Number of protein chains: 2
Amino acid sequence: MRSDPFDPSAIVGPHRELLDQLLDKWGQLILTVLCHEPRRFNELKRTLDGITQKSLAQALRRLERNGLVERCVLQQRPIAVEYRITPLGRTLEEPFLALCAWTADHLDEVEDRRAAYDEAEDDGYEGAFVA
Amino acid sequence: MRSDPFDPSAIVGPHRELLDQLLDKWGQLILTVLCHEPRRFNELKRTLDGITQKSLAQALRRLERNGLVERCVLQQRPIAVEYRITPLGRTLEEPFLALCAWTADHLDEVEDRRAAYDEAEDDGYEGAFVA
DNA sequence: CAGCATCCAACTGGATACTG
DNA sequence: CAGTATCCAGTTGGATGCTG
């Protein structure tokens, strides 16, 4: 398994494209929030401080199109729209949490590495030498 | 847990930034390849068909800076450089494989949803109505 | 409230050329 | 081979204004 040439076609095709859509900056965050509870458009916008309504709308459309999020129009005046995680979207919660757990576990180490790299760079280090 | 207001600060700060760097289009792919075996610069370029050397160099610098990949200069003429996964980088293999497994398991369903969404869109559907 | 349309600045990523 | 440097087109994303 480890010595296989490794065929990247399993990742480069539609799988790759899908991952790109799932893991983009906002999609992942929205999904995580909606896993906790349904949210309305402007609630989401406030929660994800920093997102523009344009980006939010785009991300929601994409998530909705992929079947991960459901758009529910509440019968109210003025109009209210609620976004909910779908069962399909829910299946992504665990992999995402695993990723978040990874960053929580390793962020310190990564920051140490960055500091070491940046310092070494100033000294002209350009990679280990090996036979 | 599920009814918490959900504090996004745990994801929006440095954690978020790190995830962005890890999950970008090429970084993830390079990491996956290097988990299988060390690779030289041009070997990687050929394996990841479609990447430019500029993007590859950038992605490798970033991975190296974050301590996920190691740059080893082999003592040869002409010069040869080998990139290897680090122990830290190796810890990302499992979460990444989980993600790949998810796409493999759910790609069909997602594509069904897309088809349904696109068709409904043509008919002017704009979300479910609920009380 | 929930969005869409438009304009524009910033950044990304590709092509090309050159170096040790 | 393993890159760096430069230029440029295309895309992204923010700001703003408007609609039902």
# chains A, B, ... in the order shown; residues from 1 in each chain; ligands from 1
>>> residues_around(residues="range 67-69 of chain B", least_positions_apart="5", cutoff="8 Å", atoms="only C-alpha atoms (C1' of nucleotides)", output="short mmCIF file (atom, residue, chain, number, x, y, z; two decimals) with all heavy atoms, in the first residue's frame")
data_model
loop_
_atom_site.label_atom_id
_atom_site.label_comp_id
_atom_site.auth_asym_id
_atom_site.auth_seq_id
_atom_site.Cartn_x
_atom_site.Cartn_y
_atom_site.Cartn_z
N VAL A 110 2.84 23.69 15.35
CA VAL A 110 2.97 24.35 14.05
C VAL A 110 3.57 25.74 14.21
O VAL A 110 4.45 26.15 13.46
CB VAL A 110 1.61 24.43 13.33
CG1 VAL A 110 1.69 25.36 12.13
CG2 VAL A 110 1.15 23.05 12.90
N ARG A 113 7.17 25.54 14.72
CA ARG A 113 7.85 25.25 13.46
C ARG A 113 7.97 26.51 12.60
O ARG A 113 8.99 26.74 11.96
CB ARG A 113 7.07 24.18 12.69
CG ARG A 113 7.02 22.85 13.38
CD ARG A 113 8.40 22.21 13.44
NE ARG A 113 8.36 20.88 14.03
CZ ARG A 113 9.30 19.97 13.83
NH1 ARG A 113 10.34 20.26 13.06
NH2 ARG A 113 9.20 18.80 14.41
N ARG A 114 6.92 27.28 12.60
CA ARG A 114 6.96 28.51 11.80
C ARG A 114 8.04 29.44 12.31
O ARG A 114 8.82 29.99 11.54
CB ARG A 114 5.61 29.23 11.89
CG ARG A 114 4.53 28.58 11.09
CD ARG A 114 3.22 29.34 11.30
NE ARG A 114 2.11 28.70 10.60
CZ ARG A 114 0.84 29.06 10.77
NH1 ARG A 114 0.53 30.03 11.62
NH2 ARG A 114 -0.11 28.44 10.10
N LEU B 31 0.49 16.63 0.41
CA LEU B 31 0.64 15.90 1.66
C LEU B 31 0.25 14.43 1.47
O LEU B 31 0.94 13.52 1.94
CB LEU B 31 -0.27 16.55 2.72
CG LEU B 31 0.34 16.93 4.06
CD1 LEU B 31 1.75 17.43 3.93
CD2 LEU B 31 -0.54 17.96 4.73
N LEU B 60 4.85 24.01 -1.38
CA LEU B 60 5.89 23.30 -0.64
C LEU B 60 6.51 24.19 0.43
O LEU B 60 6.76 23.74 1.55
CB LEU B 60 6.98 22.81 -1.61
CG LEU B 60 6.60 21.57 -2.43
CD1 LEU B 60 7.65 21.28 -3.49
CD2 LEU B 60 6.39 20.36 -1.53
N TYR B 83 11.47 15.80 -1.04
CA TYR B 83 10.54 16.27 -0.04
C TYR B 83 9.94 15.07 0.69
O TYR B 83 9.51 14.10 0.06
CB TYR B 83 9.44 17.12 -0.68
CG TYR B 83 9.98 18.44 -1.18
CD1 TYR B 83 10.44 18.57 -2.48
CD2 TYR B 83 10.08 19.53 -0.33
CE1 TYR B 83 10.97 19.77 -2.93
CE2 TYR B 83 10.61 20.73 -0.77
CZ TYR B 83 11.05 20.85 -2.07
OH TYR B 83 11.58 22.03 -2.51
N ARG B 84 9.93 15.17 2.02
CA ARG B 84 9.44 14.05 2.83
C ARG B 84 8.40 14.54 3.81
O ARG B 84 8.49 15.65 4.33
CB ARG B 84 10.60 13.44 3.62
CG ARG B 84 11.76 12.95 2.77
CD ARG B 84 12.90 12.47 3.66
NE ARG B 84 14.02 12.02 2.83
CZ ARG B 84 15.22 11.68 3.32
NH1 ARG B 84 15.42 11.74 4.63
NH2 ARG B 84 16.17 11.27 2.52
N ILE B 85 7.48 13.68 4.11
CA ILE B 85 6.51 13.98 5.15
C ILE B 85 7.22 13.94 6.51
O ILE B 85 8.12 13.15 6.71
CB ILE B 85 5.34 12.95 5.11
CG1 ILE B 85 4.17 13.44 5.93
CG2 ILE B 85 5.80 11.60 5.60
CD1 ILE B 85 3.26 14.34 5.18
N THR B 86 6.84 14.81 7.41
CA THR B 86 7.40 14.78 8.76
C THR B 86 6.46 14.01 9.68
O THR B 86 5.32 13.73 9.30
CB THR B 86 7.56 16.20 9.32
OG1 THR B 86 6.26 16.79 9.44
CG2 THR B 86 8.43 17.04 8.43
N PRO B 87 6.90 13.65 10.87
CA PRO B 87 5.99 12.99 11.82
C PRO B 87 4.74 13.83 12.06
O PRO B 87 3.63 13.30 12.15
CB PRO B 87 6.85 12.87 13.09
CG PRO B 87 8.25 12.82 12.61
CD PRO B 87 8.30 13.70 11.40
N LEU B 88 4.94 15.15 12.16
CA LEU B 88 3.79 16.03 12.35
C LEU B 88 2.84 15.94 11.16
O LEU B 88 1.62 15.84 11.32
CB LEU B 88 4.27 17.48 12.53
CG LEU B 88 3.18 18.54 12.68
CD1 LEU B 88 2.31 18.24 13.89
CD2 LEU B 88 3.79 19.93 12.79
N GLY B 89 3.40 15.98 9.97
CA GLY B 89 2.57 15.88 8.78
C GLY B 89 1.83 14.56 8.72
O GLY B 89 0.68 14.49 8.28
N ARG B 90 2.49 13.53 9.19
CA ARG B 90 1.89 12.19 9.17
C ARG B 90 0.61 12.14 10.01
O ARG B 90 -0.31 11.40 9.69
CB ARG B 90 2.91 11.18 9.70
CG ARG B 90 2.42 9.77 9.80
CD ARG B 90 2.38 9.05 8.47
NE ARG B 90 3.70 8.89 7.89
CZ ARG B 90 3.89 8.43 6.66
NH1 ARG B 90 2.86 8.11 5.90
NH2 ARG B 90 5.10 8.32 6.17
#
>>> interface_residues(of="chain C", to="chain B", cutoff="10 Å", atoms="only C-alpha atoms (C1' of nucleotides)", output="number ranges by chain")
C: 12-15, 20
>>> select_by_dssp(residues="range 69-130 of chain B", states="strand (DSSP E)", output="PyMOL selection string")
chain B and resi 69-74+80-85+128-130
>>> atom_distance(atom1="CA of Arg61 in chain A", atom2="CA of Arg39 in chain A")
14.7 Å
>>> interface_residues(of="chain A", to="chain B", cutoff="6 Å", atoms="only C-alpha atoms", output="compact mmCIF listing (two decimals) with C-alpha atoms, in the first residue's frame")
# COMPACT_ATOMS: atom_id res chain seq x y z
CA ARG A 2 2.64 2.47 1.04
CA HIS A 15 -13.77 14.04 -5.66
CA HIS A 36 -25.44 23.14 16.22
CA ARG A 65 -27.03 22.69 -4.17
CA ASN A 66 -24.80 19.96 -2.82
CA GLY A 67 -27.59 18.84 -0.53
CA ARG A 71 -33.42 26.40 2.85
CA CYS A 72 -36.75 26.80 4.66
CA VAL A 73 -39.00 29.77 4.12
CA LEU A 74 -40.88 30.58 7.32
CA GLN A 75 -44.38 31.94 6.87
CA THR A 103 -5.61 22.06 14.83
CA VAL A 110 2.97 24.35 14.05
CA ARG A 113 7.85 25.25 13.46
CA ARG A 114 6.96 28.51 11.80
CA TYR A 117 11.55 28.26 9.87
CA GLY A 127 17.03 22.55 3.75
CA ALA A 128 18.78 19.63 5.35
CA PHE A 129 21.63 17.94 3.55
CA VAL A 130 21.56 14.18 3.33
CA ALA A 131 23.45 11.59 1.39
>>> interface_residues(of="chain D", to="chain B", cutoff="12 Å", atoms="only C-alpha atoms (C1' of nucleotides)", output="short mmCIF file (atom, residue, chain, number, x, y, z; two decimals) with N, CA and C atoms (P, O5', C5', C4', C3', O3' and C1' of nucleotides), in the first residue's frame")
data_model
loop_
_atom_site.label_atom_id
_atom_site.label_comp_id
_atom_site.auth_asym_id
_atom_site.auth_seq_id
_atom_site.Cartn_x
_atom_site.Cartn_y
_atom_site.Cartn_z
P DC D 1 14.58 17.10 -15.19
"O5'" DC D 1 15.73 17.60 -14.20
"C5'" DC D 1 16.40 16.61 -13.44
"C4'" DC D 1 16.83 17.26 -12.14
"C3'" DC D 1 15.67 17.88 -11.37
"O3'" DC D 1 15.83 17.57 -9.99
"C1'" DC D 1 17.26 19.56 -11.93
P DA D 2 14.61 17.81 -8.94
"O5'" DA D 2 14.76 19.33 -8.49
"C5'" DA D 2 15.90 19.71 -7.74
"C4'" DA D 2 15.88 21.18 -7.48
"C3'" DA D 2 14.53 21.72 -7.00
"O3'" DA D 2 14.75 22.65 -5.94
"C1'" DA D 2 15.26 22.93 -8.86
P DG D 3 13.50 23.02 -5.01
"O5'" DG D 3 12.49 23.74 -6.02
"C5'" DG D 3 12.21 25.08 -5.78
"C4'" DG D 3 13.25 25.98 -6.43
"C3'" DG D 3 12.80 27.41 -6.53
"O3'" DG D 3 13.21 28.11 -5.38
"C1'" DG D 3 13.97 26.66 -8.50
P DT D 4 12.31 29.25 -4.89
"O5'" DT D 4 12.80 30.54 -5.71
"C5'" DT D 4 14.16 30.97 -5.63
"C4'" DT D 4 14.38 32.10 -6.62
"C3'" DT D 4 13.40 33.27 -6.45
"O3'" DT D 4 14.13 34.48 -6.54
"C1'" DT D 4 13.28 32.44 -8.66
P DA D 5 13.38 35.84 -6.28
"O5'" DA D 5 13.01 36.32 -7.74
"C5'" DA D 5 14.01 36.38 -8.75
"C4'" DA D 5 13.49 37.13 -9.97
"C3'" DA D 5 12.47 38.22 -9.67
"O3'" DA D 5 12.70 39.33 -10.52
"C1'" DA D 5 11.50 36.60 -11.11
#
>>> residues_around(residues="DC7 in chain C", least_positions_apart="6", cutoff="12 Å", atoms="only C-alpha atoms (C1' of nucleotides)", output="VMD selection string")
chain D and resid 14 to 17
>>> atom_distance(atom1="C1' of DA5 in chain C", atom2="CA of Gln28 in chain A")
26.6 Å
>>> atom_distance(atom1="C1' of DC11 in chain C", atom2="CA of Glu43 in chain A")
28.8 Å
>>> select_by_dssp(residues="chain B", states="alpha helix (DSSP H)", output="PyMOL selection string")
chain B and resi 9-12+14-22+25-36+41-47+53-65+87-90+93-122
